[in-house]
Each structure stands twice: as structure tokens, then as C-alpha cells.
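Engineer: What follows is the file my_file-v5.txt, containing compact mmCIF, C-alpha atoms and all ligand atoms:
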# COMPACT_ATOMS: atom_id res chain seq x y z
CA MET A 106 -70.10 4.26 24.13
CA ASN A 107 -69.97 7.47 22.26
CA LYS A 108 -66.56 8.85 21.70
CA PRO A 109 -66.39 12.11 23.61
CA PHE A 110 -64.80 13.95 20.82
CA THR A 111 -65.81 16.80 18.69
CA LYS A 112 -65.08 16.72 15.06
CA ASP A 113 -62.66 19.25 13.76
CA SER A 114 -62.57 20.28 10.22
CA HIS A 115 -59.30 21.34 8.73
CA GLN A 116 -57.35 20.79 5.61
CA ASN A 117 -53.98 20.84 7.23
CA PRO A 118 -53.45 18.05 9.73
CA LEU A 119 -50.03 19.31 10.70
CA LYS A 120 -51.03 22.65 12.05
CA GLN A 121 -54.68 22.80 12.74
CA ARG A 122 -55.92 19.47 13.89
CA LYS A 123 -57.05 19.44 17.46
CA LYS A 124 -57.77 16.53 19.69
CA ASN A 125 -59.93 16.13 22.67
CA MET A 126 -57.63 15.70 25.59
CA LEU A 127 -59.28 13.73 28.26
CA ILE A 128 -59.77 10.28 28.35
CA PRO A 129 -63.24 7.19 27.72
CA SER A 130 -63.37 4.32 30.19
CA ARG A 131 -62.53 0.74 29.49
CA PRO A 132 -63.95 -2.70 30.12
CA PHE A 133 -61.69 -3.35 33.07
CA ASN A 134 -62.63 -2.82 36.37
CA PRO A 135 -38.27 -4.16 32.59
CA ILE A 136 -34.67 -2.86 31.13
CA ARG A 137 -36.20 -4.07 28.04
CA SER A 138 -36.14 -0.67 26.55
CA PRO A 139 -37.29 -0.86 22.94
CA PRO A 140 -34.90 0.17 20.26
CA PRO A 141 -36.54 2.82 18.07
CA PHE A 142 -36.47 0.42 15.17
CA PRO A 143 -36.35 -3.20 16.25
CA ALA A 144 -34.49 -5.82 14.34
CA LYS A 145 -36.11 -7.55 11.44
CA PRO A 146 -38.87 -9.91 12.49
CA ASN A 147 -38.15 -13.59 12.34
CA HIS A 148 -40.82 -14.40 9.83
CA PRO A 149 -41.39 -11.46 7.56
CA ASN A 150 -43.43 -13.52 5.17
CA ARG A 151 -45.33 -15.68 7.56
CA MET A 152 -48.91 -16.38 6.72
CA PRO A 153 -50.73 -17.81 9.71
CA SER A 154 -52.53 -20.96 8.79
CA HIS A 155 -55.62 -20.21 10.85
CA SER A 156 -56.57 -17.15 8.89
CA SER A 157 -58.05 -16.42 5.55
CA SER A 158 -55.68 -13.64 4.77
CA SER A 159 -54.55 -14.89 1.43
CA SER A 160 -58.04 -15.22 0.06
CA THR A 161 -58.97 -11.87 1.54
CA THR A 162 -55.99 -10.18 0.02
CA SER A 163 -56.60 -11.65 -3.36
CA SER A 164 -60.22 -10.58 -3.42
CA LEU A 165 -59.18 -7.14 -2.26
CA THR A 166 -56.58 -7.02 -4.97
CA SER A 167 -58.91 -8.27 -7.64
CA THR A 168 -61.29 -5.42 -6.96
CA SER A 169 -58.69 -2.97 -8.13
CA PRO A 170 -56.50 -4.91 -10.50
CA SER A 171 -55.12 -1.86 -12.19
CA HIS A 172 -53.42 -0.79 -8.99
CA SER A 173 -51.93 -4.08 -7.98
CA LEU A 174 -48.24 -4.55 -7.64
CA PRO A 175 -46.46 -7.56 -6.26
CA ILE A 176 -45.93 -7.19 -2.53
CA GLY A 177 -42.34 -6.34 -1.76
CA THR A 178 -41.68 -4.14 -4.75
CA GLN A 179 -39.89 -0.89 -4.24
CA CYS A 180 -43.20 0.90 -4.58
CA GLU A 181 -44.63 -1.12 -1.71
CA GLU A 182 -41.71 -0.18 0.46
CA GLU A 183 -42.27 3.49 -0.22
CA LEU A 184 -45.94 3.25 0.65
CA LEU A 185 -45.34 1.74 4.08
CA SER A 186 -41.85 0.68 5.00
CA LEU A 187 -41.12 -1.90 7.65
CA ARG A 188 -39.16 0.75 9.48
CA GLU A 189 -42.09 3.15 9.60
CA TRP A 190 -44.59 0.46 10.52
CA GLN A 191 -42.51 -0.81 13.41
CA ALA A 192 -41.76 2.70 14.64
CA TRP A 193 -45.48 3.14 15.37
CA GLY A 194 -45.26 0.55 18.15
CA THR A 195 -45.04 -2.96 16.82
CA ALA A 196 -42.40 -5.54 15.99
CA SER A 197 -44.58 -7.30 13.41
CA PRO A 198 -44.03 -7.41 9.66
CA VAL A 199 -45.96 -4.84 7.61
CA PRO A 200 -49.55 -6.11 7.40
CA THR A 201 -50.10 -7.10 3.79
CA MET A 202 -53.61 -5.76 3.64
CA VAL A 203 -52.75 -2.41 5.23
CA ALA A 204 -50.05 -1.94 2.59
CA GLN A 205 -52.58 -2.89 -0.06
CA VAL A 206 -55.15 -0.37 1.17
CA ILE A 207 -52.52 2.38 1.27
CA LYS A 208 -51.48 1.50 -2.25
CA ASN A 209 -55.06 1.68 -3.48
CA MET A 210 -55.63 4.99 -1.74
CA LYS A 211 -52.48 6.48 -3.23
CA ALA A 212 -53.52 5.22 -6.65
CA LEU A 213 -56.95 6.77 -6.23
CA GLU A 214 -55.30 10.04 -5.31
CA ARG A 215 -53.09 9.88 -8.39
CA ASP A 216 -56.03 9.15 -10.63
CA SER A 217 -58.17 11.96 -9.30
CA ASP A 218 -57.48 15.64 -9.06
CA SER A 219 -58.40 15.80 -5.37
CA PRO A 220 -55.57 15.46 -2.90
CA MET A 221 -55.89 13.24 0.14
CA THR A 222 -56.63 15.39 3.18
CA PHE A 223 -57.17 14.42 6.77
CA GLY A 224 -58.59 16.09 9.83
CA GLY A 225 -60.51 15.52 13.01
CA VAL A 226 -60.13 12.64 15.37
CA GLY A 227 -58.10 9.68 14.26
CA GLY A 228 -57.02 11.14 10.95
CA LYS A 229 -60.36 11.03 9.18
CA LEU A 230 -60.41 11.59 5.48
CA GLN A 231 -61.99 14.80 4.32
CA GLY A 232 -63.25 16.64 1.29
CA GLU A 233 -63.64 15.44 -2.25
CA PHE A 234 -61.16 12.63 -1.83
CA LYS A 235 -63.17 11.27 1.09
CA THR A 236 -66.26 11.06 -1.10
CA ARG A 237 -64.41 9.14 -3.77
CA GLU A 238 -62.64 6.89 -1.34
CA ASP A 239 -65.89 6.18 0.50
CA LYS A 240 -67.48 4.94 -2.67
CA LYS A 241 -64.48 2.85 -3.51
CA HIS A 242 -63.95 1.22 -0.14
CA ARG A 243 -67.63 0.45 0.23
CA ALA A 244 -67.53 -1.31 -3.12
CA VAL A 245 -64.55 -3.37 -1.99
CA TYR A 246 -66.28 -4.20 1.28
CA GLN A 247 -69.45 -5.29 -0.53
CA SER A 248 -67.44 -7.48 -2.87
CA LEU A 249 -65.99 -9.48 0.00
CA THR A 250 -68.09 -12.49 0.66
CA ASP A 251 -67.17 -13.78 4.09
CA PRO A 252 -67.27 -11.99 7.46
CA GLU A 253 -63.60 -12.70 8.14
CA SER A 254 -62.51 -10.93 4.96
CA LYS A 255 -64.83 -8.04 5.74
CA LEU A 256 -63.42 -7.67 9.23
CA GLN A 257 -59.83 -7.81 8.02
CA PHE A 258 -60.55 -5.22 5.36
CA PHE A 259 -62.32 -2.97 7.86
CA SER A 260 -59.35 -3.14 10.23
CA ALA A 261 -56.75 -2.66 7.51
CA ARG A 262 -58.54 0.40 6.17
CA GLN A 263 -58.85 1.90 9.64
CA ILE A 264 -55.14 1.39 10.25
CA ALA A 265 -54.20 2.71 6.82
CA CYS A 266 -56.27 5.90 7.24
CA ARG A 267 -54.98 6.55 10.74
CA LEU A 268 -51.44 5.98 9.65
CA LEU A 269 -51.63 8.22 6.60
CA GLY A 270 -53.43 10.91 8.59
CA SER A 271 -50.86 10.82 11.40
CA ARG A 272 -47.67 10.93 9.36
CA GLY A 273 -45.66 14.00 10.20
CA TYR A 274 -48.23 14.98 12.81
CA LEU A 275 -47.98 12.47 15.64
CA CYS A 276 -44.83 11.37 17.41
CA GLN A 277 -44.48 7.73 16.43
CA LYS A 278 -43.49 6.61 19.90
CA CYS A 279 -46.00 8.36 22.17
CA TRP A 280 -48.79 8.96 19.65
CA LEU A 281 -49.13 12.58 20.73
CA ALA A 282 -48.94 15.56 18.41
CA MET A 283 -45.26 16.34 17.99
CA GLU A 284 -45.52 19.59 19.92
CA ASP A 285 -46.88 17.58 22.88
CA CYS A 286 -44.35 14.73 22.68
CA MET A 287 -43.87 13.27 26.15
CA CYS A 288 -41.13 10.78 25.26
CA SER A 289 -38.43 12.65 27.17
CA LYS A 290 -40.47 12.31 30.36
CA MET A 291 -41.09 8.59 30.04
CA ALA A 292 -38.95 6.26 32.14
CA SER A 293 -38.42 2.73 30.93
CA CYS A 294 -38.50 -0.18 33.31
CA SER A 295 -37.96 -3.94 33.11
CA LEU A 296 -41.09 -6.01 33.44
CA TRP A 297 -40.49 -9.24 35.33
CA HIS A 298 -39.57 -11.70 32.60
CA ARG A 299 -42.28 -14.19 33.60
CA ILE A 300 -45.01 -11.72 32.62
CA ARG A 301 -45.98 -10.63 29.15
CA PHE A 302 -48.75 -8.21 28.28
CA TRP A 303 -50.71 -8.27 25.05
CA LEU A 304 -52.58 -5.11 24.12
CA TYR A 305 -55.47 -6.40 22.06
CA MET A 306 -56.43 -3.10 20.51
CA HIS A 307 -59.39 -2.08 18.41
CA PRO A 308 -58.24 -0.45 15.13
CA LYS A 309 -60.18 2.68 16.02
CA ASP A 310 -57.91 3.10 19.04
CA PHE A 311 -54.70 2.79 17.04
CA LEU A 312 -52.80 6.11 17.20
CA ARG A 313 -55.36 7.60 19.56
CA GLN A 314 -53.65 10.25 21.65
CA ASN A 315 -55.57 9.33 24.78
CA ASN A 316 -54.97 5.62 24.46
CA THR A 317 -53.13 4.31 27.52
CA GLY A 318 -52.29 0.81 26.30
CA LYS A 319 -49.42 2.34 24.32
CA LEU A 320 -47.77 3.31 27.61
CA LEU A 321 -47.05 -0.32 28.39
CA TRP A 322 -44.67 -0.88 25.49
CA GLN A 323 -43.22 2.56 25.95
CA ILE A 324 -42.28 1.54 29.49
CA PHE A 325 -41.56 -2.16 29.15
CA GLY A 326 -40.68 -2.56 25.47
CA PHE A 327 -42.36 -4.37 22.58
CA GLN A 328 -41.36 -7.84 23.71
CA ALA A 329 -42.84 -7.44 27.18
CA ALA A 330 -45.96 -5.54 26.10
CA THR A 331 -47.00 -6.40 22.58
CA LEU A 332 -49.55 -4.65 20.42
CA CYS A 333 -52.05 -6.91 18.71
CA ILE A 334 -54.63 -5.11 16.57
CA PHE A 335 -58.05 -6.70 16.24
CA GLY A 336 -58.52 -7.99 12.69
CA ILE A 337 -54.89 -7.51 11.64
CA ASP A 338 -53.89 -10.96 10.56
CA GLU A 339 -50.14 -10.59 11.13
CA HIS A 340 -50.68 -9.38 14.69
CA GLU A 341 -53.27 -11.94 15.65
CA GLY A 342 -51.16 -14.71 14.12
CA ILE A 343 -48.15 -13.78 16.24
CA MET A 344 -50.25 -13.59 19.39
CA TRP A 345 -52.02 -16.90 18.91
CA ASP A 346 -48.80 -18.65 17.91
CA ALA A 347 -47.36 -17.49 21.24
CA PHE A 348 -50.45 -18.72 23.09
CA LYS A 349 -50.31 -22.09 21.36
CA LEU A 350 -46.74 -22.44 22.51
CA ALA A 351 -47.50 -21.28 26.03
CA GLY A 352 -50.57 -23.45 26.59
CA LYS A 353 -53.95 -22.36 27.83
CA ASP A 354 -53.01 -22.34 31.50
CA MET A 355 -50.45 -19.63 30.82
CA VAL A 356 -52.90 -17.22 29.16
CA TRP A 357 -55.24 -14.94 31.09
CA PHE A 358 -57.65 -12.26 29.96
CA LEU A 359 -58.71 -9.10 31.68
CA TYR A 360 -62.34 -8.79 30.81
CA PRO A 361 -65.11 -8.76 33.41
CA ASN A 362 -67.70 -10.60 31.41
CA LYS A 363 -70.59 -11.74 33.55
CA ASN A 364 -71.22 -14.67 31.25
CA THR A 365 -67.72 -15.99 31.65
CA THR A 366 -66.18 -17.78 34.55
CA SER A 367 -64.13 -15.23 36.38
CA TYR A 368 -61.00 -15.83 38.36
CA SER A 369 -59.07 -13.78 40.85
CA ILE A 370 -55.33 -13.24 41.04
CA GLN A 371 -55.22 -16.03 43.62
CA ASP A 372 -56.44 -18.51 41.02
CA ILE A 373 -53.48 -18.01 38.72
CA CYS A 374 -51.42 -21.14 38.80
CA LEU A 375 -47.67 -20.65 38.91
CA PRO A 376 -46.71 -24.28 38.43
CA THR A 377 -42.97 -24.08 38.08
CA LEU A 378 -42.18 -20.95 39.97
CA SER A 379 -41.54 -22.48 43.36
CA ARG A 380 -39.11 -24.98 41.89
CA SER A 381 -37.19 -22.20 40.24
CA LEU A 382 -37.04 -20.30 43.49
CA ASP A 383 -35.64 -23.41 45.19
CA GLY A 384 -32.62 -22.97 43.04
CA GLN A 385 -33.28 -25.74 40.56
CA SER A 386 -32.41 -24.82 37.05
CA ALA A 387 -35.47 -23.92 35.11
CA THR A 388 -35.97 -25.42 31.69
CA GLU A 389 -36.90 -23.29 28.77
CA HIS A 390 -40.53 -24.24 29.19
CA GLU A 391 -40.49 -23.27 32.83
CA GLU A 392 -39.31 -19.81 31.91
CA ASN A 393 -42.32 -19.24 29.68
CA PRO A 394 -44.14 -16.09 30.71
CA LEU A 395 -47.66 -15.76 31.98
CA ASN A 396 -49.53 -14.00 29.21
CA PHE A 397 -52.07 -11.35 30.14
CA VAL A 398 -54.37 -10.03 27.44
CA LEU A 399 -55.70 -6.53 28.01
CA ILE A 400 -58.67 -5.70 25.81
CA ASP A 401 -57.90 -2.19 24.64
CA GLY A 402 -61.11 -0.87 23.14
CA THR A 403 -64.22 0.99 24.18
CA TRP A 404 -67.01 -0.87 25.93
CA SER A 405 -69.05 -0.95 22.76
CA ASN A 406 -66.22 -2.55 20.77
CA SER A 407 -64.93 -4.87 23.44
CA SER A 408 -67.65 -7.51 23.21
CA ALA A 409 -66.86 -8.10 19.52
CA MET A 410 -63.19 -8.29 20.42
CA PHE A 411 -63.82 -10.77 23.19
CA HIS A 412 -66.00 -12.83 20.90
CA ARG A 413 -63.16 -13.02 18.37
CA LEU A 414 -60.73 -14.10 21.07
CA LYS A 415 -63.12 -16.88 22.02
CA GLU A 416 -63.39 -18.02 18.41
CA HIS A 417 -59.60 -18.23 18.12
CA ALA A 418 -59.37 -20.03 21.44
CA LYS A 419 -61.85 -22.60 20.27
CA LYS A 420 -59.80 -23.23 17.14
CA ILE A 421 -56.57 -23.88 18.97
CA TRP A 422 -57.78 -25.32 22.27
CA GLY A 423 -61.17 -26.70 21.29
CA ASP A 424 -62.62 -24.69 24.13
CA ASP A 425 -63.86 -21.12 24.10
CA ASP A 426 -64.08 -20.68 27.85
CA LEU A 427 -61.47 -17.96 28.23
CA PRO A 428 -60.03 -17.64 31.72
CA CYS A 429 -60.83 -14.09 32.77
CA ILE A 430 -59.27 -12.31 35.70
CA THR A 431 -61.28 -9.92 37.79
CA LEU A 432 -59.20 -7.49 39.79
CA SER A 433 -60.21 -7.04 43.38
CA GLY A 434 -59.34 -3.38 43.45
CA THR A 435 -57.24 -3.88 46.58
CA GLY A 436 -54.02 -3.93 44.67
CA ALA A 437 -53.51 -0.24 44.15
CA SER A 438 -49.84 0.43 44.66
CA ALA A 439 -48.53 2.26 47.67
CA MET A 440 -47.83 5.22 45.43
CA HIS A 441 -51.39 5.24 44.15
CA LYS A 442 -52.79 5.13 47.67
CA LEU A 443 -50.62 8.03 48.78
CA ARG A 444 -51.83 10.30 46.07
CA PRO A 445 -54.77 12.29 47.39
CA GLN A 446 -56.83 12.13 44.25
CA PRO A 447 -55.93 9.70 41.53
CA SER A 448 -56.06 11.68 38.35
CA TRP A 449 -56.92 8.81 36.08
CA ASP A 450 -59.71 6.36 35.83
CA ARG A 451 -58.83 3.07 37.49
CA THR A 452 -60.52 1.26 34.64
CA CYS A 453 -58.33 2.48 31.82
CA THR A 454 -56.08 -0.07 30.18
CA ALA A 455 -52.80 1.00 31.73
CA ALA A 456 -54.34 1.41 35.17
CA ALA A 457 -55.73 -2.11 34.87
CA ALA A 458 -52.21 -3.34 34.12
CA ALA A 459 -50.87 -1.44 37.14
CA SER A 460 -53.56 -2.96 39.37
CA LEU A 461 -52.80 -6.41 38.04
CA LEU A 462 -49.10 -6.01 38.81
CA SER A 463 -49.88 -4.67 42.28
CA GLU A 464 -52.21 -7.55 43.05
CA LEU A 465 -49.70 -10.08 41.77
CA HIS A 466 -47.10 -8.48 44.02
CA LEU A 467 -49.27 -9.28 47.01
CA ARG A 468 -48.98 -12.99 46.37
CA PRO A 469 -46.28 -14.20 48.73
CA GLU A 470 -44.42 -16.20 46.09
CA LEU A 471 -44.24 -13.14 43.83
CA GLY A 472 -43.08 -10.62 46.36
CA LEU A 473 -39.46 -10.56 45.24
CA TYR A 474 -39.77 -9.54 41.63
CA GLY A 475 -40.36 -5.82 41.94
CA LEU A 476 -43.89 -6.01 40.58
CA ASP A 477 -44.89 -3.17 42.90
CA GLU A 478 -42.24 -0.93 41.36
CA GLN A 479 -43.33 -1.97 37.89
CA ALA A 480 -46.90 -0.99 38.81
CA VAL A 481 -45.66 2.40 39.96
CA ALA A 482 -43.79 2.86 36.66
CA VAL A 483 -47.11 2.43 34.86
CA GLU A 484 -48.87 4.86 37.19
CA ASP A 485 -46.10 7.40 36.69
CA ALA A 486 -46.45 7.08 32.93
CA LEU A 487 -50.18 7.65 33.24
CA GLU A 488 -49.47 10.87 35.11
CA VAL A 489 -47.09 11.96 32.36
CA LEU A 490 -49.74 11.27 29.72
CA LEU A 491 -52.47 13.05 31.64
CA ASP A 492 -50.21 16.09 32.12
CA ALA A 493 -49.38 16.18 28.42
CA LEU A 494 -53.05 15.93 27.43
CA THR A 495 -54.13 18.50 30.01
CA ASN A 496 -51.44 20.97 28.95
CA ARG A 497 -52.52 20.64 25.36
CA ARG A 498 -56.11 21.21 26.26
CA LEU A 499 -55.28 24.28 28.31
CA ARG A 500 -53.10 25.64 25.54
CA MET A 501 -55.98 25.31 23.14
CA GLY A 502 -58.34 27.03 25.52
CA ARG A 503 -60.47 23.99 26.11
CA SER A 504 -62.14 23.06 29.33
CA ILE A 505 -60.31 20.56 31.48
CA THR A 506 -63.45 19.62 33.32
CA ARG A 507 -63.72 15.90 33.11
CA ARG A 508 -67.10 14.44 32.49
CA GLU A 509 -68.00 10.87 33.30
CA LYS A 510 -67.11 9.65 29.86
CA ASP A 511 -63.94 11.66 29.53
CA HIS A 512 -61.43 9.20 30.78
CA PHE A 513 -58.37 7.42 29.66
CA MET A 514 -58.85 4.48 27.42
ZN ZN B 601 -43.14 11.24 21.67
Can the structure in the file be given as C-alpha cells, please?
Structural biologist:
Amino acid sequence: MNKPFTKDSHQNPLKQRKKNMLIPSRPFNPIRSPPPFPAKPNHPNRMPSHSSSSSTTSSLTSTSPSHSLPIGTQCEEELLSLREWQAWGTASPVPTMVAQVIKNMKALERDSDSPMTFGGVGGKLQGEFKTREDKKHRAVYQSLTDPESKLQFFSARQIACRLLGSRGYLCQKCWLAMEDCMCSKMASCSLWHRIRFWLYMHPKDFLRQNNTGKLLWQIFGFQAATLCIFGIDEHEGIMWDAFKLAGKDMVWFLYPNKNTTSYSIQDICLPTLSRSLDGQSATEHEENPLNFVLIDGTWSNSSAMFHRLKEHAKKIWGDDDLPCITLSGTGASAMHKLRPQPSWDRTCTAAAAASLLSELHLRPELGLYGLDEQAVAVEDALEVLLDALTNRRLRMGRSITRREKDHFM
């Protein structure tokens, strides 16, 4: 799908960069309020065994040996601190390769007389520096020999560029330009503790103003709705470690793939729930949440993302048949039904989450957990986001006419 954005061209990202306001469709048909800067992660130096991150990092490093510094030096901290990284919406350690890419970009800037400038959608590099950096990152990419390393480098560079281009421009919590910050209008809510969302996000959607997946951790907190960026080793490692622990029957995917066996909400097995409701004490295992993975990328990117999920599933479960949920569409919350004209696309990521919660609420054994209210909290947040984007668009004198492709992501 083409991104419905026009490219802006400015030197100053703080003042002049404009964004398209309205929002591309998705492949979907609590108080756990996050502290602004979560506590240190448990495993700041973890290196997931299933990945090839170490080899990738070393080959990346070897391409630019003159700029390499040991990870964890003071310089590294200045380039991308844990505090800054986590403030953008994640509880993970700083991704090693993102830090490396930032370091190399800063070194390139130092060594050349062209300053790093950003503009347009997603903090794209511009000008003379862009030309130099293009040449350099293409050389690094070519030097990587295996597809996994190439993917990880691609993702890390995307994240690095978006991050550098958004510093001082976007609000770290809501990913809107600071003058449009909607944080004061967002209400947090506790997600029922037996549900956990994973936002499996394409790197090109990281820090996108019209992304709706971000709303879920803004509402429910990082632990209840966790960002996992496609190709970022630290994120994927955390997610798959959690899935390994949970077991395959506790992990569900929202992705209506015709080639995959599809399940409805009724098919979700809640093996220990009834016992807990009977008053028996639940063991730690019984309190494990149901994990729902929301694929947060455009249609064109989502098949690659789903393919990667299947590859990981095969590694840990020996089976790549991912259990996919198809929403019936009957689960719109009471609030949603009352509104004369829903102002968002039902297929955007957050709306899919709201529908999922509403449909779960309709299961008799789940009627007591406030899932309907949690769905409404998501819908309310979507309204807040749409208002913020619309106001910005009006202020900038842009049309607010929504075309087919102009929807929330
Ligand atoms: Zn904000």
C-alpha cells in the first residue's frame, strides 16, 4: 500500500516539518499506568540465543572500525541513553545495533562538513548528509552476508533515523509533534491482568504520528501492551521468551490470512479460568496472561512480518501454524454502536484491539472483568488521536477529506 503522505522538504524539523494527518488501513478486519521512565530492565545485557545479533553487530562494526567504541561507554550513553530509549514507548534495553547505527551516523557527521538534517515523513534524512549516509549504509548492507543480518540492520537504521529525526520534535509519549501533544487528554485504564497485547510493529511505523498501536501502551501501560519492533533483536527476544514461557495455547495472532487456519473468539481456550472463578487459588502458571499479537504495519509489510513470526514459531514450537483470530465484527462496544458515525477505520490496530476486547467480553465466563470498559477506553483514545490529527491538519490548512487509504494505522 502506498503511504498517503506527501513529502515535505525542510531543513528545520522543529518548526517546519508537516505531517499528513489522517490515517492507512491495517491487516485486521488497566491501573497499570506506565511511569515515564520505567525501572531498569531485568536483563540489560541479554543476548537472545535464537538470534544472530552478535555476528550481525560484529560485521556491522567491522565495516566502520574507526568509529567503534565498546558498547556501554559514556559516549554510547550520550548517543542513545536507556532513559531516552524507554521514554519512546518501550521497556527494553537499548538495542545494540540501533546504538551502533547512531554512533556511525554521528561519526559520519563529525567527519564531514555537512550537518545531519531531517524532514518529511518519519524523519527522513536530507541534503548532502543524506547522500553520504546513503552511500555508507548501502555499503554496510551489501557487506552483510545473511538475510537475518540484513533485516536487523535495515530495522536498526530505520529506528535510528526516526529517532534522531524526532528528537525535540515529537512528544515521546504520544508521538505527536509537541504542539499537538494529546497526553493530557489520554485516560489510563487497567487491562484485565489475564490479557497482554504485543504490538508487533514495522520499523517504518515507529514514531509515526498516525500510528494507533501506540495508544494501547499509553492507555494500559508497557507491561500490558508491549511494543515489539520487527527485526529489533532485543524486542523480538523478549517477546518470544514470553511466548516460550506461556506456551503456544496462550498465544494468539490477529491476522486474517486466508492461508492460515483461522479461529474465532469462541475458540480461545481458557483452561484455568473457571477454576479460578470457583475460588480455588490460582497457581502462578494459571495466572499467565493470554497473549494477543497485533501486527502493526501496512498491508504491504504485514506479510513479511507474519512470515517472520511463523519462522520464530517454528524454532520454538516446531510448528509454524500460528493460531490466528478473526474478529466477527459483532463485538463493537456499546459506546461504538451509539456513535452515529464512527470516525475511525474499524481495521486500524487500536480498533482491532477494542473489537477483540468487546468480543471477549461477550463470552459468558469473561463478562465480569470490565473488558467492555477497556474496549471503550481504547475507542476514546482513538477519538482523542483523531481530534489531535484533525486539528493539526486544519491548522495547517490541509483538507480533512478522508480518502479510502487515509485511515488510522
Ligand atoms: Zn504527548
Engineer: For Arg215 of chain A, which residue out of A:Tyr246, A:Trp422, A:Phe327, A:Phe234 is the nearest one, using all atoms listed in the file?
Structural biologist: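 Under the stated criterion, the closest residue is A:Phe234.
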Engineer: Ranking A:Asp310, A:Ala409, A:Arg272, A:Asp426 by minimum distance to Leu184 of chain A and counting only C-alpha atoms, which one comes first?
Structural biologist: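 Ranking A:Asp310, A:Ala409, A:Arg272, A:Asp426 by distance to Leu184 of chain A, first place goes to A:Arg272.
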Engineer: Neighbourhood query: residues within 8 Å of (-45.1, 10.0, 35.0), file coordinates, counting only C-alpha atoms; return as a ChimeraX atom specification.
Structural biologist: /A:290-292,482-490
Engineer: Could you tell me which of A:Leu432, A:Leu461, A:Leu350, A:Cys288 comes closest to ligand ZN 601 (chain B) if we count all atoms listed in the file?
Structural biologist: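 Closest to ligand ZN 601 (chain B) of all the choices is A:Cys288.
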Engineer: With 8 Å as the cut-off and all atoms listed in the file counted, what is the closest atom pair between each nearby residue of chain A and ligand ZN 601 (chain B)? Distances in Å to one decimal, ordered by chain and number, as CSV.
Structural biologist:
residue,atom,partner,partner_atom,distance
A:Leu275,CA,B:ZN601,ZN,7.8
A:Cys276,CA,B:ZN601,ZN,4.6
A:Gln277,CA,B:ZN601,ZN,6.4
A:Lys278,CA,B:ZN601,ZN,5.0
A:Cys279,CA,B:ZN601,ZN,4.1
A:Trp280,CA,B:ZN601,ZN,6.4
A:Leu281,CA,B:ZN601,ZN,6.2
A:Ala282,CA,B:ZN601,ZN,7.9
A:Met283,CA,B:ZN601,ZN,6.6
A:Asp285,CA,B:ZN601,ZN,7.5
A:Cys286,CA,B:ZN601,ZN,3.8
A:Met287,CA,B:ZN601,ZN,5.0
A:Cys288,CA,B:ZN601,ZN,4.1
A:Ser289,CA,B:ZN601,ZN,7.4
Engineer: Restricting it to C-alpha atoms, dump the selection as a PDB file, keeping the file's coordinate frame.
Structural biologist:
ATOM      1  CA  LEU A 275     -47.980  12.470  15.640  1.00  0.00           C
ATOM      2  CA  CYS A 276     -44.830  11.370  17.410  1.00  0.00           C
ATOM      3  CA  GLN A 277     -44.480   7.730  16.430  1.00  0.00           C
ATOM      4  CA  LYS A 278     -43.490   6.610  19.900  1.00  0.00           C
ATOM      5  CA  CYS A 279     -46.000   8.360  22.170  1.00  0.00           C
ATOM      6  CA  TRP A 280     -48.790   8.960  19.650  1.00  0.00           C
ATOM      7  CA  LEU A 281     -49.130  12.580  20.730  1.00  0.00           C
ATOM      8  CA  ALA A 282     -48.940  15.560  18.410  1.00  0.00           C
ATOM      9  CA  MET A 283     -45.260  16.340  17.990  1.00  0.00           C
ATOM     10  CA  ASP A 285     -46.880  17.580  22.880  1.00  0.00           C
ATOM     11  CA  CYS A 286     -44.350  14.730  22.680  1.00  0.00           C
ATOM     12  CA  MET A 287     -43.870  13.270  26.150  1.00  0.00           C
ATOM     13  CA  CYS A 288     -41.130  10.780  25.260  1.00  0.00           C
ATOM     14  CA  SER A 289     -38.430  12.650  27.170  1.00  0.00           C
TER      15      SER A 289
END
Engineer: Can you work out which one of A:Ile300, A:Leu230, A:Val245, A:Met410 has the shortest atom-to-atom distance to Ile334 of chain A, counting all atoms listed in the file?
Structural biologist: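 Checking each of A:Ile300, A:Leu230, A:Val245, A:Met410 against Ile334 of chain A, counting all atoms listed in the file, the winner is A:Met410.
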Engineer: For atom CA of Pro200 of chain A and atom CA of Ile264 of chain A, quote the distance in Å rounded to one decimal.
Structural biologist: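 Calculated distance between atom CA of Pro200 of chain A and atom CA of Ile264 of chain A is 9.8 Å.
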Engineer: I'd like the contact shell of segment 365-372 of chain A - 8 Å cut-off, only C-alpha atoms, skipping same-chain residues fewer than 6 positions apart - returned as a PDB file with C-alpha atoms, keeping the file's coordinate frame.
Structural biologist:
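The result, written out as out.pdb:
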ATOM      1  CA  ASP A 426     -64.080 -20.680  27.850  1.00  0.00           C
ATOM      2  CA  LEU A 427     -61.470 -17.960  28.230  1.00  0.00           C
ATOM      3  CA  PRO A 428     -60.030 -17.640  31.720  1.00  0.00           C
ATOM      4  CA  CYS A 429     -60.830 -14.090  32.770  1.00  0.00           C
ATOM      5  CA  ILE A 430     -59.270 -12.310  35.700  1.00  0.00           C
ATOM      6  CA  THR A 431     -61.280  -9.920  37.790  1.00  0.00           C
ATOM      7  CA  LEU A 432     -59.200  -7.490  39.790  1.00  0.00           C
ATOM      8  CA  SER A 433     -60.210  -7.040  43.380  1.00  0.00           C
ATOM      9  CA  LEU A 461     -52.800  -6.410  38.040  1.00  0.00           C
ATOM     10  CA  GLU A 464     -52.210  -7.550  43.050  1.00  0.00           C
ATOM     11  CA  LEU A 465     -49.700 -10.080  41.770  1.00  0.00           C
ATOM     12  CA  ARG A 468     -48.980 -12.990  46.370  1.00  0.00           C
TER      13      ARG A 468
END
Engineer: Just give me the gap between atom CA of His466 of chain A and atom CA of Ser407 of chain A in Å, one decimal is fine.
Structural biologist: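 Taking atom CA of His466 of chain A as the start and atom CA of Ser407 of chain A as the end point, the length is 27.5 Å.
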Engineer: Choose the residue, out of A:Lys241, A:Lys229, A:Arg313, A:His307, that has the smallest atom-to-atom separation from Trp193 of chain A; count all atoms listed in the file.
Structural biologist: A:Arg313
Engineer: Measure the distance from atom CA of Pro198 of chain A to atom CA of Ala261 of chain A in Å and round it to one decimal.
Structural biologist: 13.7 Å
Engineer: Which is closest to Met210 of chain A among A:Leu185, A:Cys266, A:Gly232, A:Tyr360, if we use all atoms listed in the file?
Structural biologist: A:Cys266
Engineer: Show which residues sit within 12 Å of Pro220 of chain A, as a ChimeraX atom specification. Count all atoms listed in the file, and ignore same-chain residues fewer than 4 positions away.
Structural biologist: /A:116-117,210-216,230-238
